[in-house]
file protein.cif (mmCIF, C-alpha atoms)
data_final
loop_
_atom_site.label_atom_id
_atom_site.label_comp_id
_atom_site.auth_asym_id
_atom_site.auth_seq_id
_atom_site.Cartn_x
_atom_site.Cartn_y
_atom_site.Cartn_z
CA MET A 731 20.52 14.59 9.93
CA SER A 732 22.74 16.40 7.59
CA ALA A 733 24.15 19.73 8.36
CA ILE A 734 22.50 21.81 5.83
CA GLY A 735 19.97 19.52 4.44
CA VAL A 736 18.00 16.77 5.77
CA VAL A 737 18.49 15.56 9.28
CA SER A 738 16.90 12.47 10.54
CA SER A 739 16.15 9.96 13.13
CA CYS A 740 15.95 7.62 10.31
CA CYS A 741 16.29 7.14 6.72
CA CYS A 742 13.19 5.24 5.95
CA LEU A 743 10.23 7.35 6.89
CA ARG A 744 7.54 4.72 6.72
CA PRO A 745 5.94 3.83 10.05
CA GLY A 746 6.37 0.06 9.82
CA VAL A 747 4.18 -2.65 11.26
CA TRP A 748 4.36 -3.05 14.99
CA LEU A 749 1.21 -4.85 16.11
CA LEU A 750 2.29 -8.22 14.79
CA LYS A 751 1.10 -10.52 17.55
CA PRO A 752 -2.43 -9.17 17.97
CA GLY A 753 -3.09 -9.87 14.32
CA LEU A 754 -3.92 -8.21 11.04
CA GLN A 755 -7.36 -7.02 12.10
CA LYS A 756 -5.88 -4.89 14.86
CA MET A 757 -3.22 -3.54 12.49
CA ASN A 758 -5.89 -2.43 10.07
CA SER A 759 -7.64 -0.57 12.85
CA PHE A 760 -4.66 1.78 12.80
CA GLY A 761 -5.28 2.58 9.15
CA LEU A 762 -2.45 0.60 7.57
CA HIS A 763 -2.93 0.43 3.81
CA THR A 764 -2.82 -3.14 2.50
CA ALA A 765 -5.02 -3.18 -0.59
CA ALA A 766 -3.16 -3.75 -3.86
CA ARG A 767 -3.76 -1.66 -6.92
CA CYS A 768 -2.56 -2.94 -10.25
CA ALA A 769 0.04 -0.83 -11.97
CA ALA A 770 -1.16 1.29 -14.86
CA LYS A 771 1.42 -0.55 -16.98
CA ASP A 772 3.32 -3.79 -16.63
CA TYR A 773 6.67 -2.24 -17.62
CA TYR A 774 8.54 0.90 -16.55
CA GLU A 775 11.91 2.19 -17.57
CA VAL A 776 12.67 2.93 -13.90
CA LEU A 777 10.87 1.10 -11.09
CA VAL A 778 11.37 2.30 -7.51
CA LEU A 779 10.54 0.04 -4.58
CA GLY A 780 9.64 2.10 -1.51
CA GLY A 781 8.08 5.53 -1.03
CA GLY A 782 10.21 6.76 1.85
CA ALA A 783 12.81 9.52 1.60
CA GLY A 784 15.12 7.63 -0.75
CA GLY A 785 12.38 6.30 -3.00
CA ILE A 786 10.59 9.62 -3.47
CA ALA A 787 13.82 11.58 -3.96
CA MET A 788 15.11 9.15 -6.58
CA SER A 789 11.76 8.96 -8.41
CA ALA A 790 11.83 12.76 -8.78
CA ARG A 791 15.37 12.62 -10.14
CA MET A 792 14.59 9.73 -12.49
CA LYS A 793 11.50 11.44 -13.90
CA ARG A 794 13.71 14.27 -15.04
CA LYS A 795 15.96 11.75 -16.81
CA VAL A 796 13.47 9.45 -18.54
CA GLY A 797 10.27 11.50 -18.59
CA ALA A 798 6.82 11.39 -17.02
CA GLY A 799 5.01 8.09 -17.31
CA ASN A 800 8.24 6.07 -17.39
CA VAL A 801 8.85 5.94 -13.62
CA ALA A 802 6.77 4.16 -10.98
CA VAL A 803 7.01 3.87 -7.19
CA VAL A 804 5.67 0.83 -5.36
CA GLU A 805 4.48 1.94 -1.92
CA PRO A 806 1.50 0.65 0.12
CA SER A 807 1.35 3.39 2.78
CA LYS A 808 -1.18 6.21 2.42
CA THR A 809 0.87 8.53 4.62
CA HIS A 810 4.47 9.68 4.27
CA TYR A 811 6.21 10.60 7.53
CA TYR A 812 9.14 12.87 8.21
CA GLN A 813 10.30 10.64 11.01
CA PRO A 814 13.26 12.77 12.17
CA LEU A 815 10.63 14.95 13.81
CA TRP A 816 9.52 12.11 16.07
CA THR A 817 12.32 12.81 18.54
CA LEU A 818 10.68 16.19 19.16
CA VAL A 819 7.16 14.69 19.07
CA GLY A 820 8.16 12.19 21.76
CA GLY A 821 9.62 15.04 23.77
CA GLY A 822 6.49 17.20 23.46
CA ALA A 823 8.15 19.89 21.32
CA LYS A 824 6.28 19.18 18.06
CA PRO A 825 2.83 17.73 17.19
CA LEU A 826 2.69 14.38 15.41
CA ALA A 827 0.59 15.90 12.62
CA ALA A 828 3.53 18.09 11.62
CA SER A 829 5.46 14.98 10.54
CA ALA A 830 2.79 13.59 8.21
CA ARG A 831 1.60 14.27 4.67
CA PRO A 832 -0.49 12.16 2.29
CA THR A 833 1.77 9.99 0.13
CA GLY A 834 -0.01 11.29 -2.97
CA SER A 835 1.05 14.83 -2.11
CA VAL A 836 4.77 13.99 -2.09
CA MET A 837 4.69 11.70 -5.12
CA PRO A 838 6.28 13.62 -8.05
CA LYS A 839 3.82 14.58 -10.77
CA GLY A 840 4.11 12.23 -13.70
CA VAL A 841 5.39 9.36 -11.54
CA GLU A 842 3.01 6.41 -11.25
CA TRP A 843 2.16 5.46 -7.67
CA ILE A 844 1.54 1.72 -7.44
CA LYS A 845 -0.36 1.29 -4.17
CA SER A 846 0.82 -2.22 -3.44
CA GLN A 847 3.50 -4.18 -1.67
CA VAL A 848 6.44 -6.06 -3.17
CA THR A 849 6.24 -9.79 -2.51
CA ALA A 850 9.18 -11.10 -4.56
CA LEU A 851 12.09 -9.94 -6.71
CA ASP A 852 13.34 -11.67 -9.85
CA PRO A 853 16.34 -9.64 -11.06
CA ASP A 854 17.35 -12.34 -13.52
CA LYS A 855 14.13 -11.65 -15.42
CA ASN A 856 14.08 -7.90 -14.64
CA CYS A 857 10.75 -8.02 -12.83
CA VAL A 858 9.14 -7.91 -9.40
CA TRP A 859 5.95 -9.45 -8.07
CA LEU A 860 3.37 -7.49 -6.11
CA GLU A 861 0.30 -8.48 -4.12
CA ASN A 862 -2.38 -10.48 -5.97
CA ASP A 863 0.32 -11.94 -8.27
CA VAL A 864 0.80 -8.70 -10.18
CA LYS A 865 4.01 -8.72 -12.20
CA VAL A 866 5.85 -5.51 -13.13
CA SER A 867 8.97 -5.45 -15.32
CA TYR A 868 11.66 -2.80 -15.50
CA LYS A 869 14.80 -1.67 -17.26
CA TYR A 870 16.32 -0.17 -14.11
CA LEU A 871 15.37 -0.99 -10.52
CA ILE A 872 15.97 1.21 -7.46
CA ILE A 873 15.41 -0.50 -4.13
CA ALA A 874 14.60 1.85 -1.24
CA LEU A 875 12.60 -0.37 1.10
CA GLY A 876 13.92 0.94 4.39
CA ILE A 877 14.31 -1.06 7.57
CA SER A 878 11.84 -3.20 9.52
CA LEU A 879 10.98 -2.75 13.19
CA HIS A 880 10.71 -5.89 15.33
CA TYR A 881 9.10 -5.07 18.64
CA GLU A 882 7.82 -8.65 18.73
CA LYS A 883 11.37 -9.92 19.28
CA ILE A 884 11.17 -8.47 22.79
CA LYS A 885 9.02 -10.72 24.98
CA GLY A 886 5.93 -8.84 26.15
CA LEU A 887 5.84 -6.49 23.16
CA PRO A 888 4.14 -5.00 21.28
CA GLU A 889 1.14 -5.71 23.52
CA GLY A 890 2.98 -4.05 26.41
CA PHE A 891 2.40 -0.66 24.79
CA HIS A 892 -1.23 -0.85 25.88
CA HIS A 893 0.04 -0.23 29.42
CA PRO A 894 1.13 3.18 30.72
CA LYS A 895 4.70 4.33 31.43
CA ILE A 896 6.10 2.94 28.18
CA GLY A 897 6.67 4.48 24.76
CA SER A 898 8.84 4.39 21.66
CA ASN A 899 9.76 7.18 19.26
CA TYR A 900 10.30 4.70 16.43
CA SER A 901 6.65 4.00 15.62
CA VAL A 902 3.84 6.35 14.66
CA HIS A 903 1.61 4.31 16.99
CA THR A 904 3.81 4.73 20.09
CA VAL A 905 5.63 8.05 19.77
CA GLU A 906 2.87 10.03 21.50
CA LYS A 907 2.91 7.45 24.31
CA THR A 908 6.51 8.49 24.95
CA TRP A 909 5.45 12.06 25.67
CA LYS A 910 2.63 10.90 27.93
CA ALA A 911 5.03 8.63 29.85
CA ILE A 912 7.43 11.56 30.31
CA GLN A 913 4.63 13.83 31.56
CA ASP A 914 3.18 11.19 33.88
CA PHE A 915 6.52 10.18 35.39
CA LYS A 916 6.60 10.51 39.17
CA GLU A 917 9.68 8.72 40.48
CA GLY A 918 11.99 5.74 40.07
CA ASN A 919 14.05 4.40 37.19
CA ALA A 920 13.64 6.05 33.79
CA ILE A 921 15.17 3.55 31.37
CA PHE A 922 16.17 4.17 27.76
CA THR A 923 17.30 1.26 25.59
CA PHE A 924 19.48 0.50 22.56
CA PRO A 925 19.05 -2.95 20.88
CA ASN A 926 21.59 -5.51 19.75
CA THR A 927 20.89 -4.97 16.03
CA PRO A 928 21.57 -2.33 13.38
CA VAL A 929 19.23 0.65 13.89
CA LYS A 930 18.25 3.78 12.04
CA CYS A 931 19.87 6.81 13.61
CA ALA A 932 22.05 5.45 16.37
CA GLY A 933 21.73 8.74 18.25
CA ALA A 934 17.95 8.75 18.54
CA PRO A 935 17.69 6.36 21.53
CA GLN A 936 19.58 8.82 23.72
CA LYS A 937 18.15 12.06 22.32
CA ILE A 938 14.83 11.39 24.03
CA MET A 939 16.70 10.68 27.25
CA TYR A 940 18.23 14.17 27.26
CA LEU A 941 14.86 15.75 26.50
CA SER A 942 13.29 13.81 29.37
CA ASP A 943 16.04 15.02 31.69
CA ALA A 944 15.44 18.62 30.62
CA TYR A 945 11.67 18.35 31.06
CA TRP A 946 11.90 16.81 34.53
CA ARG A 947 14.36 19.48 35.64
CA LYS A 948 11.91 22.13 34.47
CA MET A 949 9.05 20.43 36.33
CA GLY A 950 11.04 19.86 39.53
CA LYS A 951 10.99 16.05 39.16
CA ARG A 952 14.61 15.38 38.26
CA SER A 953 15.71 14.56 41.82
CA LYS A 954 13.19 11.72 41.84
CA ALA A 955 14.45 10.20 38.60
CA ASN A 956 17.25 7.67 38.22
CA ILE A 957 17.94 7.97 34.48
CA MET A 958 19.53 4.86 32.95
CA PHE A 959 20.78 4.30 29.41
CA ASN A 960 21.01 0.55 28.87
CA THR A 961 22.77 -0.05 25.58
CA SER A 962 23.88 -3.23 23.86
CA LEU A 963 26.94 -1.36 22.58
CA GLY A 964 30.28 -0.96 24.29
CA VAL A 965 30.48 2.79 23.58
CA ILE A 966 28.07 5.71 23.89
CA PHE A 967 28.57 6.74 20.24
CA GLY A 968 30.63 5.41 17.36
CA VAL A 969 32.66 8.56 16.65
CA LYS A 970 35.12 9.43 19.43
CA LYS A 971 34.88 13.23 19.09
CA TYR A 972 31.13 13.20 19.68
CA ALA A 973 31.28 10.33 22.17
CA ASP A 974 33.60 12.38 24.37
CA ALA A 975 31.20 15.32 24.21
CA LEU A 976 28.22 13.12 25.09
CA LEU A 977 30.04 11.56 28.03
CA GLU A 978 30.54 15.06 29.42
CA VAL A 979 26.81 15.74 29.08
CA ILE A 980 26.02 12.42 30.76
CA LYS A 981 28.38 13.16 33.65
CA GLU A 982 27.04 16.68 34.09
CA ARG A 983 23.44 15.45 34.21
CA ASN A 984 24.08 12.46 36.46
CA ILE A 985 22.89 9.81 34.00
CA ALA A 986 23.84 6.15 34.51
CA VAL A 987 25.08 4.24 31.45
CA ASN A 988 25.10 0.44 31.44
CA TYR A 989 26.96 -1.02 28.47
CA LYS A 990 26.39 -4.42 26.86
CA ARG A 991 22.83 -4.62 28.16
CA ASN A 992 20.15 -5.80 25.72
CA LEU A 993 16.40 -5.56 26.43
CA VAL A 994 14.89 -9.04 26.07
CA GLU A 995 11.56 -8.76 27.93
CA VAL A 996 9.07 -6.17 29.14
CA ARG A 997 6.63 -7.05 31.91
CA ALA A 998 4.47 -4.00 31.41
CA ASP A 999 1.86 -5.01 33.99
CA LYS A 1000 4.58 -4.99 36.66
CA GLN A 1001 6.65 -2.16 35.12
CA GLU A 1002 9.67 -4.45 34.86
CA ALA A 1003 12.31 -4.53 32.11
CA VAL A 1004 14.57 -7.56 31.70
CA PHE A 1005 18.04 -7.15 30.20
CA GLU A 1006 20.59 -9.72 29.09
CA ASN A 1007 24.22 -9.07 29.98
CA LEU A 1008 25.94 -9.54 26.62
CA ASP A 1009 29.29 -10.05 28.34
CA LYS A 1010 27.75 -13.02 30.16
CA PRO A 1011 25.27 -14.60 27.68
CA GLY A 1012 22.18 -16.01 29.35
CA GLU A 1013 22.60 -13.90 32.48
CA THR A 1014 19.74 -11.44 32.98
CA GLU A 1015 18.88 -8.60 35.31
CA VAL A 1016 15.49 -7.07 36.10
CA HIS A 1017 14.88 -3.36 36.58
CA GLN A 1018 11.69 -1.75 37.87
CA TYR A 1019 10.80 1.34 35.86
CA GLY A 1020 8.72 4.46 36.29
CA MET A 1021 9.19 5.19 32.61
CA LEU A 1022 10.57 3.08 29.76
CA HIS A 1023 11.54 4.12 26.24
CA VAL A 1024 12.08 1.18 23.88
CA THR A 1025 14.23 1.22 20.77
CA PRO A 1026 13.16 -1.97 18.97
CA PRO A 1027 15.38 -4.54 17.27
CA MET A 1028 15.51 -3.86 13.55
CA GLY A 1029 16.36 -5.78 10.40
CA PRO A 1030 16.08 -5.87 6.62
CA PRO A 1031 12.62 -5.97 5.01
CA ALA A 1032 11.25 -9.52 4.81
CA VAL A 1033 11.09 -9.47 1.01
CA LEU A 1034 14.86 -8.96 0.84
CA ILE A 1035 15.81 -11.79 3.17
CA ASN A 1036 17.13 -14.74 1.13
CA SER A 1037 16.43 -12.84 -2.08
CA PRO A 1038 18.82 -12.83 -5.08
CA VAL A 1039 19.78 -9.19 -4.44
CA SER A 1040 20.74 -9.51 -0.77
CA ASP A 1041 23.82 -10.47 1.21
CA GLU A 1042 23.87 -13.28 3.77
CA ALA A 1043 22.35 -11.05 6.43
CA GLY A 1044 19.45 -9.97 4.21
CA TRP A 1045 20.61 -6.45 3.39
CA LEU A 1046 20.69 -5.21 -0.21
CA ASP A 1047 24.18 -5.96 -1.54
CA VAL A 1048 25.49 -2.80 -3.22
CA ASP A 1049 28.87 -1.28 -3.96
CA LYS A 1050 29.63 1.13 -1.12
CA GLU A 1051 30.96 3.85 -3.43
CA THR A 1052 28.53 3.73 -6.38
CA LEU A 1053 25.36 2.19 -4.81
CA GLN A 1054 25.12 -0.13 -7.83
CA HIS A 1055 24.28 -3.75 -7.08
CA LYS A 1056 27.33 -6.00 -6.97
CA LYS A 1057 25.79 -8.63 -9.28
CA TYR A 1058 23.00 -6.94 -11.24
CA PRO A 1059 24.23 -3.76 -13.00
CA ASN A 1060 20.69 -2.42 -13.60
CA VAL A 1061 19.76 -2.68 -9.90
CA PHE A 1062 20.61 0.05 -7.39
CA GLY A 1063 19.97 0.72 -3.73
CA ILE A 1064 19.62 3.63 -1.33
CA GLY A 1065 18.99 4.09 2.36
CA ASP A 1066 18.37 1.80 5.29
CA CYS A 1067 17.81 -1.43 3.34
CA THR A 1068 21.37 -1.45 1.97
CA ASN A 1069 24.50 -3.00 3.47
CA LEU A 1070 26.44 0.26 3.23
CA PRO A 1071 28.76 0.40 6.27
CA THR A 1072 27.54 3.75 7.56
CA SER A 1073 24.85 4.93 9.96
CA LYS A 1074 21.32 4.63 8.62
CA THR A 1075 19.99 8.19 8.56
CA ALA A 1076 18.12 10.52 6.23
CA ALA A 1077 21.27 12.60 5.99
CA ALA A 1078 22.91 9.55 4.46
CA VAL A 1079 19.97 9.24 2.04
CA ALA A 1080 20.46 12.83 0.94
CA ALA A 1081 24.13 12.30 0.20
CA GLN A 1082 23.47 8.92 -1.43
CA SER A 1083 20.78 10.37 -3.70
CA GLY A 1084 23.28 12.73 -5.33
CA VAL A 1085 25.81 9.94 -5.90
CA LEU A 1086 23.18 7.50 -7.15
CA ASP A 1087 21.83 10.07 -9.58
CA LYS A 1088 25.28 10.34 -11.17
CA THR A 1089 25.78 6.56 -11.09
CA ILE A 1090 22.53 5.83 -12.93
CA SER A 1091 23.16 8.60 -15.46
CA LEU A 1092 26.46 6.99 -16.45
CA VAL A 1093 25.05 3.46 -16.48
CA MET A 1094 22.26 4.65 -18.80
CA LYS A 1095 25.02 5.88 -21.15
CA ASN A 1096 26.86 2.54 -20.90
CA GLN A 1097 29.65 4.21 -18.94
CA LEU A 1098 31.27 3.18 -15.68
CA PRO A 1099 30.13 4.99 -12.51
CA ALA A 1100 32.63 7.59 -11.36
CA LYS A 1101 31.06 9.51 -8.47
CA LYS A 1102 32.01 7.97 -5.13
CA TYR A 1103 29.99 8.01 -1.90
CA ASP A 1104 32.27 8.58 1.09
CA GLY A 1105 29.81 7.26 3.67
CA TYR A 1106 28.68 10.73 4.75
CA THR A 1107 26.01 10.61 7.40
CA SER A 1108 24.90 12.85 10.20
CA CYS A 1109 23.06 12.88 13.49
CA PRO A 1110 21.85 16.03 15.25
CA LEU A 1111 22.27 14.88 18.84
CA VAL A 1112 19.49 16.71 20.66
CA THR A 1113 20.68 17.30 24.22
CA GLY A 1114 17.90 19.65 25.33
CA TYR A 1115 14.97 21.73 24.13
CA ASN A 1116 17.37 24.27 22.65
CA LYS A 1117 20.64 22.35 22.31
CA VAL A 1118 22.12 20.10 19.62
CA ILE A 1119 25.53 18.57 19.02
CA LEU A 1120 25.72 18.19 15.24
CA ALA A 1121 27.61 14.98 14.47
CA GLU A 1122 28.72 14.48 10.87
CA PHE A 1123 31.09 11.72 9.80
CA ASP A 1124 32.17 9.29 7.07
CA TYR A 1125 32.74 5.56 6.50
CA ASN A 1126 35.83 5.67 8.71
CA ALA A 1127 33.93 7.21 11.64
CA GLN A 1128 35.94 10.39 11.15
CA PRO A 1129 34.26 13.80 11.52
CA LEU A 1130 33.18 15.28 8.19
CA GLU A 1131 31.80 18.58 9.38
CA THR A 1132 30.05 21.22 7.32
CA PHE A 1133 30.61 24.29 9.46
CA PRO A 1134 33.98 25.85 10.38
CA ILE A 1135 33.21 25.55 14.10
CA ASP A 1136 33.56 22.84 16.70
CA GLN A 1137 30.36 20.86 16.12
CA SER A 1138 30.92 18.75 19.23
CA LYS A 1139 29.69 21.73 21.29
CA GLU A 1140 26.03 22.06 22.25
CA ARG A 1141 24.54 24.90 20.20
CA VAL A 1142 21.18 26.66 20.04
CA THR A 1143 21.66 27.39 16.32
CA MET A 1144 21.96 23.68 15.54
CA TYR A 1145 18.78 22.97 17.47
CA HIS A 1146 16.83 25.44 15.33
CA MET A 1147 18.40 23.91 12.25
CA LYS A 1148 17.04 20.49 13.23
CA ALA A 1149 13.67 21.65 14.50
CA ASP A 1150 12.80 24.29 11.91
CA MET A 1151 15.11 24.41 8.90
CA MET A 1152 15.50 20.71 8.16
CA PRO A 1153 11.79 19.89 7.87
CA PHE A 1154 11.43 22.68 5.31
CA LEU A 1155 14.40 21.42 3.30
CA TYR A 1156 13.14 17.87 3.53
CA TRP A 1157 9.71 18.56 2.07
CA ASN A 1158 10.85 21.15 -0.45
CA ALA A 1159 14.31 19.99 -1.54
CA LEU A 1160 15.16 16.36 -0.80
CA LEU A 1161 11.82 14.85 -1.82
CA LYS A 1162 11.81 16.92 -4.99
CA GLY A 1163 15.24 15.59 -5.94
CA TYR A 1164 17.14 18.83 -5.47
CA TRP A 1165 19.15 18.08 -2.34
CA GLY A 1166 22.18 15.77 -2.49
CA GLY A 1167 23.75 16.46 0.88
CA PRO A 1168 25.89 19.29 2.25
CA ALA A 1169 29.16 18.56 0.39
CA PRO A 1170 29.00 21.62 -1.94
CA PHE A 1171 28.04 23.90 0.97
CA ARG A 1172 30.82 22.40 3.09
CA LYS A 1173 33.39 23.27 0.43
CA LEU A 1174 32.15 26.85 0.24
CA MET A 1175 32.19 27.27 4.01
CA HIS A 1176 35.74 26.01 4.35
CA LEU A 1177 37.04 27.80 1.27
CA GLY A 1178 35.82 31.02 2.85
CA LEU A 1179 38.38 30.56 5.63
CA LYS A 1180 41.33 30.23 3.27
#

call {"tool": "encode", "arguments": {"input": "protein.cif", "output": "structure tokens"}}
result
Amino acid sequence: MSAIGVVSSCCCLRPGVWLLKPGLQKMNSFGLHTAARCAAKDYYEVLVLGGGAGGIAMSARMKRKVGAGNVAVVEPSKTHYYQPLWTLVGGGAKPLAASARPTGSVMPKGVEWIKSQVTALDPDKNCVWLENDVKVSYKYLIIALGISLHYEKIKGLPEGFHHPKIGSNYSVHTVEKTWKAIQDFKEGNAIFTFPNTPVKCAGAPQKIMYLSDAYWRKMGKRSKANIMFNTSLGVIFGVKKYADALLEVIKERNIAVNYKRNLVEVRADKQEAVFENLDKPGETEVHQYGMLHVTPPMGPPAVLINSPVSDEAGWLDVDKETLQHKKYPNVFGIGDCTNLPTSKTAAAVAAQSGVLDKTISLVMKNQLPAKKYDGYTSCPLVTGYNKVILAEFDYNAQPLETFPIDQSKERVTMYHMKADMMPFLYWNALLKGYWGGPAPFRKLMHLGLK
């Protein structure tokens, strides 16, 4: 979700596990890769945990520093997804296949791909444990494990996805169901949710709402739809400039917003969604729906919870300016799994990768990190099939815009940037370790006005 670089609905691009209750056998039917493969070696100079955007980008950068054969990535998934595209997949504007590539095809040449899953971290002994009790040691560790989806924390899910009229753009298994639910909608409440947890790309839950509105207007169904955005938050968006712009869009399109409402149950057989009123804990309200889009609760990866490298909430505990671990100087973090106080997006990953590259370079030379991450992140707020408000901001929730224009305005050019330009830059620049965010371009753009 960066301005000239990678834009995202998320930072971690791995699909996650969603069919938890039905059991492992059903999960495997969806092709999830679980078999462990022993590492070619038991020691690497740089070990990367996670093969999402941050992990692949950093492995490419590290290979150039320490050489082929000295870097390994631990990643169980056979497929790498460009998840920012799922907003457009859920809205019927892009095919799901366009977001996927084999993990082996994005793994940098000369980097060892360990097809396994991390089960434990032991930073005091500079090693991690994988499936089947495989131990791998390292000199430097980069943790890029992303964020976990927890549909099961909503009563009635994930099994409710087997019913019609319900979808979710956050899982590879449910994103196409979103588009079908939009197409099949006839009348009634169309409900879009935002959970009471940290999420990747805080704008994504409402992007699909605007696309649905646009589609139903085109098909002559809008008058039969009561569109509702039920959010656990007290604001529509965390940055006032863009929040004001979104509220204008919401008013213009006659969308109802209910704040401090958290989805706690889905009765998919009855098409009922149950919300808790967070201002009155324990009080619930039930809404019938003709279409429901669920943004699941999210949290840190299980392996990080109560681990030596995590904070009390389970997130990787890193310095917010250098991305170096606060306790272990040879451990670093990037992306959604960290406790960095900024929105979790792929735009943030792009900016973080440039800073982290400099940080590790100096640490390898026994020097103190100097490059500082300012919290840059971005969210292309899709408001229609040819409109985007490009939000860019920093740790202080202040706009940090790339272009010398008012980015709070809906623009066709920004839509094409998200839909067409960003995927190209993602596959060909970020994952290859050549894209570190739009800061240099931003300086050039603004210098040109002086």

call {"tool": "resolve_selection", "arguments": {"input": "protein.cif", "expression": "the PyMOL selection byres ((chain A and resi 817-821) around 6)", "output": "compact mmCIF listing (two decimals) with C-alpha atoms, keeping the file's coordinate frame"}}
result
# COMPACT_ATOMS: atom_id res chain seq x y z
CA LEU A 815 10.63 14.95 13.81
CA TRP A 816 9.52 12.11 16.07
CA GLY A 822 6.49 17.20 23.46
CA ALA A 823 8.15 19.89 21.32
CA LYS A 824 6.28 19.18 18.06
CA PRO A 825 2.83 17.73 17.19
CA LEU A 826 2.69 14.38 15.41
CA ASN A 899 9.76 7.18 19.26
CA VAL A 905 5.63 8.05 19.77
CA GLU A 906 2.87 10.03 21.50
CA THR A 908 6.51 8.49 24.95
CA TRP A 909 5.45 12.06 25.67
CA LEU A 941 14.86 15.75 26.50

call {"tool": "atom_distance", "arguments": {"input": "protein.cif", "atom1": "atom CA of Ile921 of chain A", "atom2": "atom CA of Trp946 of chain A"}}
result
14.0 Å

call {"tool": "closest_atom_pairs", "arguments": {"input": "protein.cif", "of": "segment 983-1102 of chain A", "to": "segment 876-892 of chain A", "cutoff": "8 Å", "atoms": "all atoms listed in the file", "output": "JSON lines"}}
result
{"residue": "A:Leu993", "atom": "CA", "partner": "A:Ile884", "partner_atom": "CA", "distance": 7.0}
{"residue": "A:Val994", "atom": "CA", "partner": "A:Ile884", "partner_atom": "CA", "distance": 5.0}
{"residue": "A:Glu995", "atom": "CA", "partner": "A:Lys885", "partner_atom": "CA", "distance": 4.4}
{"residue": "A:Val996", "atom": "CA", "partner": "A:Gly886", "partner_atom": "CA", "distance": 5.1}
{"residue": "A:Arg997", "atom": "CA", "partner": "A:Gly886", "partner_atom": "CA", "distance": 6.1}
{"residue": "A:Ala998", "atom": "CA", "partner": "A:Gly890", "partner_atom": "CA", "distance": 5.2}
{"residue": "A:Asp999", "atom": "CA", "partner": "A:Gly890", "partner_atom": "CA", "distance": 7.7}
{"residue": "A:Pro1026", "atom": "CA", "partner": "A:Tyr881", "partner_atom": "CA", "distance": 5.1}
{"residue": "A:Pro1027", "atom": "CA", "partner": "A:His880", "partner_atom": "CA", "distance": 5.2}
{"residue": "A:Met1028", "atom": "CA", "partner": "A:Leu879", "partner_atom": "CA", "distance": 4.7}
{"residue": "A:Gly1029", "atom": "CA", "partner": "A:Ser878", "partner_atom": "CA", "distance": 5.3}
{"residue": "A:Pro1030", "atom": "CA", "partner": "A:Ile877", "partner_atom": "CA", "distance": 5.2}
{"residue": "A:Pro1031", "atom": "CA", "partner": "A:Ser878", "partner_atom": "CA", "distance": 5.3}
{"residue": "A:Ala1032", "atom": "CA", "partner": "A:Ser878", "partner_atom": "CA", "distance": 7.9}
{"residue": "A:Gly1065", "atom": "CA", "partner": "A:Gly876", "partner_atom": "CA", "distance": 6.3}
{"residue": "A:Asp1066", "atom": "CA", "partner": "A:Gly876", "partner_atom": "CA", "distance": 4.6}
{"residue": "A:Cys1067", "atom": "CA", "partner": "A:Gly876", "partner_atom": "CA", "distance": 4.7}

call {"tool": "write_last_selection", "arguments": {"input": "protein.cif", "atoms": "C-alpha atoms", "output": "mmCIF file, in the coordinates of the input"}}
result
data_model
loop_
_atom_site.group_PDB
_atom_site.id
_atom_site.type_symbol
_atom_site.label_atom_id
_atom_site.label_comp_id
_atom_site.auth_asym_id
_atom_site.auth_seq_id
_atom_site.Cartn_x
_atom_site.Cartn_y
_atom_site.Cartn_z
ATOM 1 C CA LEU A 993 16.400 -5.560 26.430
ATOM 2 C CA VAL A 994 14.890 -9.040 26.070
ATOM 3 C CA GLU A 995 11.560 -8.760 27.930
ATOM 4 C CA VAL A 996 9.070 -6.170 29.140
ATOM 5 C CA ARG A 997 6.630 -7.050 31.910
ATOM 6 C CA ALA A 998 4.470 -4.000 31.410
ATOM 7 C CA ASP A 999 1.860 -5.010 33.990
ATOM 8 C CA PRO A 1026 13.160 -1.970 18.970
ATOM 9 C CA PRO A 1027 15.380 -4.540 17.270
ATOM 10 C CA MET A 1028 15.510 -3.860 13.550
ATOM 11 C CA GLY A 1029 16.360 -5.780 10.400
ATOM 12 C CA PRO A 1030 16.080 -5.870 6.620
ATOM 13 C CA PRO A 1031 12.620 -5.970 5.010
ATOM 14 C CA ALA A 1032 11.250 -9.520 4.810
ATOM 15 C CA GLY A 1065 18.990 4.090 2.360
ATOM 16 C CA ASP A 1066 18.370 1.800 5.290
ATOM 17 C CA CYS A 1067 17.810 -1.430 3.340
#

call {"tool": "axis_aligned_box", "arguments": {"input": "protein.cif", "around": "segment 1003-1009 of chain A", "padding_each_side": "5 Å", "output": "JSON"}}
result
{"center_x": 20.8, "center_y": -7.3, "center_z": 29.4, "size_x": 27.0, "size_y": 15.5, "size_z": 15.5}

call {"tool": "resolve_selection", "arguments": {"input": "protein.cif", "expression": "the PyMOL selection byres ((chain A and resi 898) around 7)", "output": "JSON list (two decimals) with C-alpha atoms, in the frame of the given file"}}
result
[["chain", "number", "residue", "atom", "x", "y", "z"],
["A", 897, "GLY", "CA", 6.67, 4.48, 24.76],
["A", 899, "ASN", "CA", 9.76, 7.18, 19.26],
["A", 900, "TYR", "CA", 10.30, 4.70, 16.43],
["A", 901, "SER", "CA", 6.65, 4.00, 15.62],
["A", 904, "THR", "CA", 3.81, 4.73, 20.09],
["A", 905, "VAL", "CA", 5.63, 8.05, 19.77],
["A", 908, "THR", "CA", 6.51, 8.49, 24.95],
["A", 1023, "HIS", "CA", 11.54, 4.12, 26.24],
["A", 1024, "VAL", "CA", 12.08, 1.18, 23.88],
["A", 1025, "THR", "CA", 14.23, 1.22, 20.77]]

call {"tool": "closest_atom_pairs", "arguments": {"input": "protein.cif", "of": "segment 873-903 of chain A", "to": "segment 789-808 of chain A", "cutoff": "10 Å", "atoms": "all atoms listed in the file", "output": "Markdown table"}}
result
| residue | atom | partner | partner_atom | distance |
| --- | --- | --- | --- | --- |
| A:Ile873 | CA | A:Val804 | CA | 9.9 |
| A:Ala874 | CA | A:Val803 | CA | 9.9 |
| A:Leu875 | CA | A:Glu805 | CA | 9.0 |
